[in-house]
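One file, target03.cif, carrying mmCIF, C-alpha atoms:
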data_coords
loop_
_atom_site.label_atom_id
_atom_site.label_comp_id
_atom_site.auth_asym_id
_atom_site.auth_seq_id
_atom_site.Cartn_x
_atom_site.Cartn_y
_atom_site.Cartn_z
CA MET A 1 -64.34 -246.68 -27.52
CA GLY A 2 -63.27 -243.23 -26.33
CA VAL A 3 -61.12 -242.75 -23.24
CA PHE A 4 -64.15 -241.64 -21.20
CA GLU A 5 -66.02 -244.81 -22.10
CA GLU A 6 -62.91 -246.84 -21.28
CA LEU A 7 -62.66 -245.22 -17.84
CA ARG A 8 -66.24 -246.23 -17.17
CA ALA A 9 -65.74 -249.76 -18.54
CA ARG A 10 -62.72 -250.18 -16.27
CA GLY A 11 -64.82 -249.21 -13.24
CA LEU A 12 -62.96 -245.99 -12.50
CA ILE A 13 -65.80 -243.46 -12.46
CA ALA A 14 -67.97 -243.22 -9.35
CA GLN A 15 -69.83 -239.95 -9.93
CA LEU A 16 -69.41 -236.72 -11.82
CA THR A 17 -71.07 -233.46 -12.80
CA ASN A 18 -71.80 -232.31 -16.35
CA GLU A 19 -71.17 -235.73 -17.87
CA GLU A 20 -71.65 -234.75 -21.50
CA GLU A 21 -69.17 -231.87 -21.34
CA ILE A 22 -66.59 -234.01 -19.53
CA ARG A 23 -67.07 -236.78 -22.10
CA ARG A 24 -66.59 -234.34 -24.97
CA LEU A 25 -63.45 -232.71 -23.56
CA VAL A 26 -61.78 -235.92 -22.45
CA ASN A 27 -62.48 -237.84 -25.65
CA ALA A 28 -61.26 -234.91 -27.75
CA GLY A 29 -58.06 -234.64 -25.72
CA GLU A 30 -58.91 -231.05 -24.82
CA ALA A 31 -59.21 -231.28 -21.03
CA THR A 32 -56.81 -229.62 -18.64
CA PHE A 33 -57.30 -231.50 -15.39
CA TYR A 34 -55.67 -231.75 -12.00
CA ILE A 35 -55.21 -234.22 -9.19
CA GLY A 36 -53.83 -233.12 -5.84
CA ILE A 37 -51.61 -235.19 -3.56
CA ASP A 38 -50.49 -234.06 -0.11
CA PRO A 39 -46.83 -234.92 0.63
CA THR A 40 -47.40 -236.49 4.05
CA ALA A 41 -44.52 -238.98 3.59
CA ASP A 42 -41.29 -239.09 1.59
CA SER A 43 -42.67 -241.64 -0.88
CA LEU A 44 -45.84 -242.23 -2.83
CA HIS A 45 -47.67 -245.46 -2.01
CA VAL A 46 -50.10 -247.86 -3.66
CA GLY A 47 -53.08 -245.54 -3.10
CA HIS A 48 -51.31 -242.80 -5.07
CA PHE A 49 -50.37 -245.27 -7.79
CA MET A 50 -54.04 -245.61 -8.70
CA VAL A 51 -54.25 -241.83 -9.19
CA LEU A 52 -51.12 -241.81 -11.33
CA CYS A 53 -52.58 -244.50 -13.59
CA LEU A 54 -55.62 -242.30 -14.26
CA MET A 55 -53.43 -239.30 -15.05
CA LYS A 56 -51.37 -241.42 -17.43
CA ARG A 57 -54.49 -242.71 -19.22
CA LEU A 58 -55.89 -239.22 -19.73
CA GLN A 59 -52.53 -237.85 -20.87
CA MET A 60 -52.13 -240.68 -23.39
CA ALA A 61 -55.44 -239.51 -24.90
CA GLY A 62 -54.04 -235.99 -25.40
CA ASN A 63 -55.36 -234.33 -22.23
CA LYS A 64 -53.10 -232.14 -20.10
CA PRO A 65 -52.56 -233.14 -16.46
CA ILE A 66 -51.61 -230.81 -13.63
CA ALA A 67 -49.98 -232.62 -10.74
CA LEU A 68 -50.77 -230.48 -7.73
CA ILE A 69 -48.46 -231.14 -4.78
CA GLY A 70 -50.08 -230.00 -1.55
CA GLY A 71 -47.18 -228.25 0.12
CA GLY A 72 -49.67 -225.75 1.57
CA THR A 73 -52.62 -228.01 2.41
CA THR A 74 -50.28 -230.45 4.18
CA MET A 75 -49.68 -227.67 6.71
CA VAL A 76 -53.35 -228.11 7.70
CA GLY A 77 -54.08 -231.80 7.08
CA ASP A 78 -57.02 -233.49 5.36
CA PRO A 79 -59.58 -234.86 7.88
CA SER A 80 -61.14 -237.19 5.28
CA GLY A 81 -61.06 -240.80 6.39
CA ARG A 82 -59.17 -240.03 9.59
CA SER A 83 -60.28 -240.60 13.17
CA ASP A 84 -57.76 -238.23 14.75
CA LEU A 85 -55.68 -235.14 14.07
CA ARG A 86 -52.77 -235.69 11.71
CA THR A 87 -49.33 -235.12 13.22
CA MET A 88 -48.11 -231.62 12.44
CA MET A 89 -45.20 -231.57 10.01
CA THR A 90 -42.42 -229.01 9.77
CA ALA A 91 -41.97 -226.88 6.67
CA GLU A 92 -38.58 -228.54 6.08
CA THR A 93 -40.06 -232.05 6.14
CA ILE A 94 -42.85 -231.03 3.77
CA ALA A 95 -40.35 -229.46 1.35
CA HIS A 96 -38.27 -232.67 1.38
CA ASN A 97 -41.34 -234.79 0.66
CA VAL A 98 -42.41 -232.47 -2.17
CA ASN A 99 -39.07 -233.04 -3.92
CA ARG A 100 -39.38 -236.82 -3.52
CA PHE A 101 -42.90 -236.78 -4.97
CA LYS A 102 -41.73 -234.81 -7.98
CA GLU A 103 -39.09 -237.44 -8.73
CA GLN A 104 -41.50 -240.35 -8.46
CA MET A 105 -44.36 -238.77 -10.40
CA SER A 106 -42.05 -238.05 -13.32
CA LYS A 107 -41.84 -241.81 -13.92
CA PHE A 108 -45.52 -241.86 -14.81
CA ILE A 109 -46.30 -238.46 -16.27
CA ASP A 110 -44.55 -236.86 -19.25
CA PHE A 111 -43.72 -233.31 -18.17
CA SER A 112 -41.77 -232.43 -21.33
CA GLU A 113 -42.69 -229.73 -23.85
CA GLY A 114 -45.70 -228.41 -21.93
CA LYS A 115 -47.46 -231.79 -21.91
CA ALA A 116 -48.08 -231.54 -18.17
CA LEU A 117 -47.50 -229.24 -15.23
CA MET A 118 -46.36 -229.86 -11.68
CA VAL A 119 -47.25 -227.11 -9.23
CA ASN A 120 -47.20 -226.63 -5.46
CA ASN A 121 -50.17 -224.99 -3.73
CA ALA A 122 -47.78 -223.52 -1.16
CA ASP A 123 -46.98 -220.97 -3.88
CA TRP A 124 -50.36 -219.28 -3.36
CA LEU A 125 -51.74 -220.58 -0.05
CA LEU A 126 -48.79 -219.49 2.08
CA GLU A 127 -48.94 -215.96 0.68
CA LEU A 128 -52.59 -215.36 1.58
CA ASN A 129 -53.64 -212.60 3.95
CA TYR A 130 -55.94 -214.25 6.49
CA VAL A 131 -58.55 -211.48 6.84
CA GLU A 132 -58.62 -210.86 3.10
CA PHE A 133 -59.01 -214.60 2.48
CA LEU A 134 -61.94 -214.76 4.92
CA ARG A 135 -63.68 -211.86 3.16
CA GLU A 136 -63.03 -213.03 -0.39
CA VAL A 137 -63.39 -216.80 -0.04
CA GLY A 138 -64.90 -217.62 3.36
CA ALA A 139 -68.02 -215.66 2.51
CA CYS A 140 -68.74 -218.13 -0.32
CA PHE A 141 -69.10 -221.11 2.02
CA SER A 142 -72.00 -222.13 4.24
CA VAL A 143 -70.94 -223.70 7.54
CA ASN A 144 -74.20 -225.66 7.59
CA ASN A 145 -73.39 -227.22 4.21
CA MET A 146 -69.82 -227.94 5.23
CA LEU A 147 -70.91 -229.78 8.36
CA ARG A 148 -73.12 -232.04 6.25
CA ALA A 149 -70.08 -233.19 4.23
CA GLU A 150 -68.96 -236.76 4.93
CA CYS A 151 -65.37 -235.66 5.47
CA TYR A 152 -66.50 -233.66 8.52
CA LYS A 153 -69.48 -235.64 9.82
CA GLN A 154 -67.40 -238.65 10.80
CA ARG A 155 -65.08 -236.47 12.87
CA LEU A 156 -67.62 -234.35 14.75
CA GLU A 157 -68.20 -236.86 17.55
CA LYS A 158 -64.50 -237.38 18.28
CA GLY A 159 -63.54 -233.79 17.69
CA LEU A 160 -62.74 -231.71 14.60
CA SER A 161 -60.11 -229.01 14.99
CA PHE A 162 -60.63 -225.56 13.49
CA LEU A 163 -57.34 -226.15 11.67
CA GLU A 164 -58.77 -229.15 9.78
CA PHE A 165 -62.09 -227.40 9.25
CA ASN A 166 -60.29 -225.03 6.89
CA TYR A 167 -59.14 -227.87 4.61
CA MET A 168 -62.22 -227.87 2.36
CA ILE A 169 -61.92 -224.13 1.75
CA MET A 170 -58.22 -224.43 0.97
CA GLN A 171 -58.76 -227.30 -1.47
CA SER A 172 -61.59 -225.35 -3.11
CA TYR A 173 -59.27 -222.37 -3.43
CA ASP A 174 -56.77 -224.61 -5.23
CA ALA A 175 -59.37 -225.34 -7.92
CA TYR A 176 -60.09 -221.61 -8.22
CA GLU A 177 -56.39 -220.70 -8.60
CA LEU A 178 -55.73 -223.47 -11.12
CA PHE A 179 -58.73 -222.36 -13.18
CA LYS A 180 -57.52 -218.75 -13.24
CA ARG A 181 -53.84 -219.52 -13.84
CA TYR A 182 -54.01 -222.45 -16.26
CA GLY A 183 -57.60 -222.75 -17.48
CA CYS A 184 -57.96 -226.00 -15.54
CA SER A 185 -61.65 -226.88 -15.60
CA LEU A 186 -61.64 -230.53 -14.55
CA GLN A 187 -60.99 -231.80 -11.03
CA CYS A 188 -60.26 -235.48 -10.41
CA GLY A 189 -60.00 -237.31 -7.12
CA GLY A 190 -61.34 -240.05 -4.91
CA ASP A 191 -64.96 -240.33 -3.96
CA ASP A 192 -63.98 -239.39 -0.40
CA GLN A 193 -63.04 -235.96 -1.84
CA TRP A 194 -66.41 -235.33 -3.47
CA SER A 195 -67.53 -232.57 -1.06
CA ASN A 196 -64.19 -230.77 -1.30
CA MET A 197 -64.24 -230.84 -5.10
CA LEU A 198 -67.83 -229.63 -5.29
CA GLY A 199 -66.69 -226.75 -3.08
CA GLY A 200 -64.11 -225.85 -5.70
CA THR A 201 -66.67 -225.97 -8.48
CA GLU A 202 -69.01 -223.71 -6.53
CA LEU A 203 -66.26 -221.24 -5.63
CA ILE A 204 -65.30 -220.83 -9.29
CA ARG A 205 -68.88 -220.14 -10.23
CA ARG A 206 -69.42 -217.70 -7.34
CA LYS A 207 -66.25 -215.74 -8.10
CA LEU A 208 -66.14 -215.90 -11.90
CA GLY A 209 -69.78 -216.21 -12.87
CA LYS A 210 -72.14 -218.99 -13.89
CA ASP A 211 -70.56 -219.28 -17.33
CA ALA A 212 -67.26 -220.47 -15.86
CA HIS A 213 -66.77 -224.11 -16.79
CA ALA A 214 -65.73 -226.13 -13.74
CA MET A 215 -66.46 -229.82 -13.53
CA THR A 216 -65.80 -232.72 -11.23
CA ILE A 217 -65.08 -236.37 -11.76
CA THR A 218 -64.30 -238.88 -9.03
CA LEU A 219 -62.62 -242.25 -9.11
CA LEU A 220 -64.20 -245.27 -7.48
CA LEU A 221 -60.90 -246.84 -6.47
CA ASN A 222 -59.16 -243.82 -5.05
CA SER A 223 -60.59 -243.93 -1.54
CA GLU A 224 -60.62 -247.73 -1.69
CA GLY A 225 -56.93 -247.50 -2.48
CA LYS A 226 -56.33 -245.89 0.91
CA LYS A 227 -57.39 -249.19 2.46
CA MET A 228 -55.09 -251.13 0.18
CA GLY A 229 -51.34 -251.30 0.31
CA LYS A 230 -51.22 -252.47 3.94
CA THR A 231 -49.34 -255.66 4.76
CA GLN A 232 -48.17 -257.31 7.94
CA SER A 233 -44.93 -255.38 7.56
CA GLY A 234 -46.52 -251.97 6.88
CA THR A 235 -47.39 -249.81 3.88
CA VAL A 236 -46.58 -250.77 0.26
CA TRP A 237 -44.51 -247.86 -1.05
CA LEU A 238 -43.42 -246.99 -4.59
CA ASP A 239 -39.89 -246.18 -3.40
CA PRO A 240 -37.78 -249.34 -3.89
CA ASN A 241 -35.77 -248.44 -0.78
CA ARG A 242 -38.93 -248.71 1.32
CA THR A 243 -40.70 -251.56 -0.50
CA SER A 244 -38.42 -253.69 -2.65
CA PRO A 245 -39.51 -254.58 -6.22
CA TYR A 246 -39.84 -258.19 -5.04
CA ASP A 247 -42.16 -257.25 -2.14
CA PHE A 248 -44.12 -254.98 -4.48
CA TYR A 249 -44.50 -257.86 -6.94
CA GLN A 250 -45.56 -260.22 -4.16
CA TYR A 251 -48.16 -257.78 -2.87
CA TRP A 252 -49.99 -257.84 -6.20
CA ARG A 253 -49.34 -261.56 -6.72
CA ASN A 254 -51.20 -262.21 -3.47
CA VAL A 255 -54.36 -260.17 -4.09
CA ALA A 256 -57.63 -261.93 -3.30
CA ASP A 257 -59.16 -264.01 -6.09
CA ALA A 258 -62.19 -261.70 -6.14
CA ASP A 259 -60.00 -258.61 -6.73
CA VAL A 260 -57.61 -259.72 -9.46
CA LEU A 261 -59.79 -258.83 -12.47
CA LYS A 262 -60.82 -255.52 -10.89
CA CYS A 263 -57.16 -254.61 -10.36
CA LEU A 264 -56.27 -255.65 -13.90
CA ARG A 265 -59.01 -253.40 -15.31
CA MET A 266 -58.30 -250.40 -13.12
CA LEU A 267 -54.52 -250.41 -12.90
CA THR A 268 -53.01 -252.05 -15.96
CA PHE A 269 -53.01 -250.88 -19.56
CA LEU A 270 -53.85 -254.31 -20.93
CA PRO A 271 -56.75 -254.34 -23.44
CA LEU A 272 -60.16 -254.86 -21.85
CA GLU A 273 -60.84 -257.70 -24.27
CA GLN A 274 -57.81 -259.59 -22.94
CA ILE A 275 -58.89 -259.02 -19.33
CA ASP A 276 -62.48 -260.07 -20.02
CA GLU A 277 -61.23 -263.39 -21.38
CA MET A 278 -59.74 -264.10 -17.95
CA GLY A 279 -63.19 -263.89 -16.36
CA GLN A 280 -63.68 -267.64 -16.70
CA TRP A 281 -60.25 -268.60 -15.40
CA GLU A 282 -60.09 -270.67 -12.23
CA GLY A 283 -57.48 -272.45 -10.13
CA ALA A 284 -54.01 -272.43 -11.65
CA ARG A 285 -55.13 -270.16 -14.50
CA LEU A 286 -56.34 -267.57 -11.99
CA ASN A 287 -52.85 -267.64 -10.53
CA GLU A 288 -51.58 -266.84 -14.05
CA ALA A 289 -53.78 -263.72 -13.98
CA LYS A 290 -52.30 -262.71 -10.63
CA GLU A 291 -48.77 -263.17 -11.98
CA LEU A 292 -49.66 -261.03 -14.97
CA LEU A 293 -51.06 -258.33 -12.68
CA ALA A 294 -47.94 -258.37 -10.50
CA PHE A 295 -45.59 -258.33 -13.50
CA GLU A 296 -47.39 -255.46 -15.25
CA LEU A 297 -47.57 -253.23 -12.17
CA THR A 298 -44.01 -253.92 -11.05
CA GLY A 299 -42.87 -253.01 -14.54
CA LEU A 300 -44.83 -249.74 -14.44
CA VAL A 301 -43.51 -248.66 -11.04
CA HIS A 302 -39.94 -249.97 -11.23
CA SER A 303 -38.93 -251.34 -14.64
CA ALA A 304 -39.43 -254.35 -16.89
CA GLU A 305 -36.07 -255.69 -15.73
CA GLU A 306 -37.04 -255.43 -12.05
CA ALA A 307 -40.33 -257.14 -12.84
CA ARG A 308 -38.46 -260.03 -14.48
CA LYS A 309 -36.12 -260.32 -11.50
CA ALA A 310 -39.00 -260.31 -9.02
CA GLN A 311 -40.87 -262.95 -10.96
CA ALA A 312 -37.79 -265.15 -11.24
CA ALA A 313 -37.11 -264.82 -7.51
CA ALA A 314 -40.71 -265.76 -6.69
CA HIS A 315 -40.52 -268.82 -8.94
CA ALA A 316 -37.22 -269.82 -7.29
CA LEU A 317 -38.71 -269.60 -3.80
CA PHE A 318 -41.94 -271.38 -4.48
CA SER A 319 -40.32 -274.14 -6.54
CA SER A 320 -37.67 -274.70 -3.83
CA GLY A 321 -34.77 -274.03 -6.15
CA GLY A 322 -33.19 -271.55 -8.49
CA ASP A 323 -31.42 -268.23 -7.93
CA LEU A 324 -32.47 -266.45 -4.73
CA ALA A 325 -30.32 -263.38 -5.36
CA ASP A 326 -33.24 -261.13 -6.26
CA ILE A 327 -35.43 -261.67 -3.20
CA PRO A 328 -35.27 -258.96 -0.50
CA THR A 329 -32.01 -259.36 1.39
CA THR A 330 -30.63 -257.96 4.63
CA ALA A 331 -26.93 -258.17 5.55
CA LEU A 332 -25.89 -258.63 9.17
CA THR A 333 -22.59 -257.40 10.58
CA GLU A 334 -20.55 -259.27 13.17
CA SER A 335 -21.40 -256.61 15.76
CA GLU A 336 -25.04 -257.72 15.65
CA PHE A 337 -24.20 -261.14 17.03
CA ALA A 338 -24.17 -261.74 20.79
CA ASP A 339 -21.82 -264.57 21.76
CA GLY A 340 -21.67 -265.55 18.09
CA GLU A 341 -25.46 -265.89 17.72
CA VAL A 342 -28.56 -263.83 16.84
CA ASP A 343 -32.15 -264.58 17.87
CA ILE A 344 -35.19 -265.09 15.63
CA ILE A 345 -37.04 -262.06 17.02
CA TYR A 346 -34.17 -259.76 16.07
CA LEU A 347 -34.06 -261.29 12.58
CA LEU A 348 -37.77 -260.85 11.98
CA VAL A 349 -37.66 -257.17 12.93
CA LYS A 350 -34.33 -256.49 11.18
CA SER A 351 -35.63 -258.03 7.94
CA GLY A 352 -38.86 -256.05 8.07
CA LEU A 353 -41.03 -259.17 8.16
CA CYS A 354 -42.40 -257.90 11.48
CA PRO A 355 -42.73 -254.23 12.49
CA SER A 356 -41.91 -254.82 16.17
CA ARG A 357 -40.51 -257.38 18.59
CA SER A 358 -43.94 -257.96 20.12
CA GLU A 359 -45.39 -258.66 16.67
CA ALA A 360 -42.45 -260.99 15.95
CA ARG A 361 -43.05 -262.97 19.14
CA ARG A 362 -46.74 -263.23 18.31
CA ALA A 363 -45.96 -264.53 14.81
CA VAL A 364 -43.66 -267.24 16.18
CA ARG A 365 -46.14 -268.33 18.85
CA GLN A 366 -48.88 -268.59 16.25
CA GLY A 367 -46.74 -270.91 14.13
CA GLY A 368 -46.37 -268.53 11.22
CA VAL A 369 -42.56 -268.33 10.98
CA GLU A 370 -40.08 -270.57 9.18
CA ALA A 371 -36.29 -270.41 8.89
CA ALA A 372 -34.48 -272.46 6.23
CA GLY A 373 -37.72 -274.33 5.57
CA GLU A 374 -38.23 -275.38 9.21
CA LYS A 375 -40.99 -274.01 11.43
CA VAL A 376 -39.74 -271.91 14.34
CA THR A 377 -41.70 -272.55 17.56
CA ASP A 378 -39.36 -271.07 20.19
CA THR A 379 -39.20 -267.27 20.48
CA ALA A 380 -35.71 -267.65 21.98
CA GLU A 381 -34.32 -269.68 19.05
CA ARG A 382 -30.87 -268.48 18.03
CA PHE A 383 -28.73 -268.88 14.92
CA ALA A 384 -24.95 -268.99 14.62
CA ALA A 385 -23.07 -267.03 11.98
CA ALA A 386 -22.61 -270.18 9.89
CA ALA A 387 -26.36 -270.22 9.17
CA PHE A 388 -25.97 -267.06 7.08
CA SER A 389 -23.14 -268.26 4.84
CA GLY A 390 -23.54 -269.17 1.18
CA GLU A 391 -27.01 -268.10 -0.07
CA GLY A 392 -27.94 -267.05 3.47
CA LEU A 393 -30.85 -267.91 5.73
CA VAL A 394 -34.31 -267.63 4.12
CA LEU A 395 -37.03 -266.55 6.55
CA ARG A 396 -40.73 -266.87 5.85
CA ARG A 397 -43.62 -265.24 7.64
CA GLY A 398 -47.02 -266.58 6.71
CA LYS A 399 -47.39 -268.34 3.41
CA LYS A 400 -45.91 -265.80 1.04
CA ASN A 401 -43.66 -263.27 2.83
CA PHE A 402 -39.99 -264.18 2.34
CA HIS A 403 -36.72 -262.51 3.22
CA ARG A 404 -33.10 -263.59 2.95
CA VAL A 405 -30.53 -262.75 5.63
CA VAL A 406 -26.81 -262.96 4.86
CA LEU A 407 -23.60 -262.16 6.71
CA LYS A 408 -21.89 -259.03 5.46
CA PRO A 409 -18.38 -259.85 4.17
#
Show me this structure written as structure tokens.
Amino acid sequence: MGVFEELRARGLIAQLTNEEEIRRLVNAGEATFYIGIDPTADSLHVGHFMVLCLMKRLQMAGNKPIALIGGGTTMVGDPSGRSDLRTMMTAETIAHNVNRFKEQMSKFIDFSEGKALMVNNADWLLELNYVEFLREVGACFSVNNMLRAECYKQRLEKGLSFLEFNYMIMQSYDAYELFKRYGCSLQCGGDDQWSNMLGGTELIRRKLGKDAHAMTITLLLNSEGKKMGKTQSGTVWLDPNRTSPYDFYQYWRNVADADVLKCLRMLTFLPLEQIDEMGQWEGARLNEAKELLAFELTGLVHSAEEARKAQAAAHALFSSGGDLADIPTTALTESEFADGEVDIIYLLVKSGLCPSRSEARRAVRQGGVEAAGEKVTDTAERFAAAAFSGEGLVLRRGKKNFHRVVLKP
């Protein structure tokens, strides 16, 4: 099975143009391809992880990835999948996020010896002359066709800014520049980006002639991934300082039964034959598959050692014993105690189990909070410093979200 056939068997391909040529290039390891990511935060998240897995698969087959960081397009903001205008970011914030993305992507992609490139579209987009750009590029786009694109249609009723309206043209120009500079003929992205990528293909053909090879492939899970990675406590990040390895492990350990095999196929590098054998697993054996998924992905994002620690901590919690040292832990200082005590609402927010005090109160009232194995029913319940001695106080929100709180020495 070639890598193209494997991508299809794993459920990664939604639609594409020029299938035979893409199949030939990818299977021969001759494709130069790119995936763009806008640095809208200072860490990649689970949705990006799915993209990185695809890049890694194609690179392992000999193809050359270009990681395009959208330092320029982030100035505008992608309207796809959004109901409102994205908050404007400063150039300094974008530059900081670009550097963080570079660090994290290097864990997945081998950038040594010309095996891959990492480029920033700010290098060409921010240097453009507006009138010249309108004449040279804007003339290639039909407003009627653009308004029919899904990325714009869903925003027209609520309002689409002229700023965002330019995003498709800017992304298309990226494809054009990458083709000219690096011979990049293959665009990859989520199925929510289909219209934007087709715009790039058309721009290359309009500017460089019909013989220019520019193709498109989209990934089924990419846009779906934007819906994933959300927990009660917020987004699941790849940065261990924002989402601990234990919480990352637990996120994948708790996927729905119906999703575990799909995630194993799309995100892990386990052989398809091994995954197919799990198709008949039920009950406790299905939980084994979830543990395998969590272990494999935590190892990819963090390290094998962190995956082992996270798994051991999970076993310790759910078996009511063992070493709790590796579960997420927050240390309190004496200054955080009022009259020698601290309340449950403060603890839930401080630990990150709840994003706000109102959410913490709601969780307690609904009976979803435990402290030291006992259900907490009073939103005013308080704990003395002695409760945080030794191994600390273990909090639980819901069935599977744990956090340990200790007193800082």
Near Gly199 of chain A, within 9 Å and counting all atoms listed in the file, which residues show up once chain neighbours fewer than 4 positions away are dropped, as a list in words?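 Within the cut-off, the hits are Phe141, Met146, Met168, Ile169, Gln171, Ser172, Tyr173, Ala175, Trp194, Ser195, Leu203 and Ile204 of chain A.
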Pick out the closest residue to Cys53 of chain A from this set: A:Ala256, A:Cys184, A:Met215, A:Ile35. Count only C-alpha atoms. A:Ile35
Residues matched by the PyMOL selection byres ((chain A and resi 36-38) around 9) as a list of chain:residue names: A:Tyr34, A:Ile35, A:Pro39, A:Thr40, A:Ala41, A:His48, A:Ile66, A:Ala67, A:Leu68, A:Ile69, A:Gly70, A:Gly71, A:Gly72, A:Thr73, A:Thr74, A:Gly77, A:Asp78, A:Val98, A:Phe101, A:Gln171, A:Gln187, A:Cys188, A:Gly189
Closest of A:Leu54, A:Ala385, A:Val364, A:Leu186 to Arg8 of chain A, counting all atoms listed in the file, is A:Leu54
Do you know which residues the PyMOL selection byres ((chain A and resi 280-296) around 9) returns on this file, as an NGL selection string? :A and (248-255 or 257 or 260-261 or 263-264 or 267-270 or 275-279 or 297-301 or 304 or 307-308 or 310-311)
If you apply the PyMOL selection byres ((chain A and resi 125-136) around 9) to this file, what residues do you get, as a VMD selection string? chain A and resid 71 to 73 121 to 124 137 to 140 170 173 to 174 207
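Shortest separation to Met60 of chain A among A:Val3, A:Ser185, A:Ser106, A:Thr93 occurs at residue A:Val3, atoms counted being all atoms listed in the file.
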Which residue gives the smallest distance to Phe49 of chain A among A:Thr90, A:Thr17, A:Gln104, A:Gln366, with all atoms listed in the file counted?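 Result for the nearest residue to Phe49 of chain A: A:Gln104.
The residue that comes closest to Val119 of chain A, out of A:Tyr182, A:Phe162, A:Arg57, A:Glu202 and on the basis of all atoms listed in the file, is A:Tyr182.
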Residue among A:Ala312, A:Ala258, A:Ala384, A:Leu7 lying closest to Phe337 of chain A, counting only C-alpha atoms: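 Closest to Phe337 of chain A, using only C-alpha atoms: A:Ala384.
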Separation of atom CA of Leu178 of chain A from atom CA of Met266 of chain A in Å: 27.1 Å
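In this structure, atom CA of Val342 of chain A sits 5.4 Å away from atom CA of Phe383 of chain A.
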What are the closest atom pairs, with distances in Å to one decimal, for each residue of segment 194-274 of chain A lying within 12 Å of segment 28-32 of chain A, using all atoms listed in the file, rows by chain and rising residue number, as JSON lines?
{"residue": "A:His213", "atom": "CA", "partner": "A:Ala31", "partner_atom": "CA", "distance": 11.2}
{"residue": "A:Ala214", "atom": "CA", "partner": "A:Thr32", "partner_atom": "CA", "distance": 10.8}
{"residue": "A:Met215", "atom": "CA", "partner": "A:Ala31", "partner_atom": "CA", "distance": 10.5}
{"residue": "A:Thr216", "atom": "CA", "partner": "A:Ala31", "partner_atom": "CA", "distance": 11.9}
Which distance in Å separates atom CA of Ala331 of chain A and atom CA of Glu103 of chain A, to one decimal? 28.0 Å
Hey, can you pull every residue with an atom no more than 12 Å from (-39.3, -269.9, 21.0), using only C-alpha atoms, and send it as a PyMOL selection string? chain A and resi 343-345+360-367+369-370+375-382
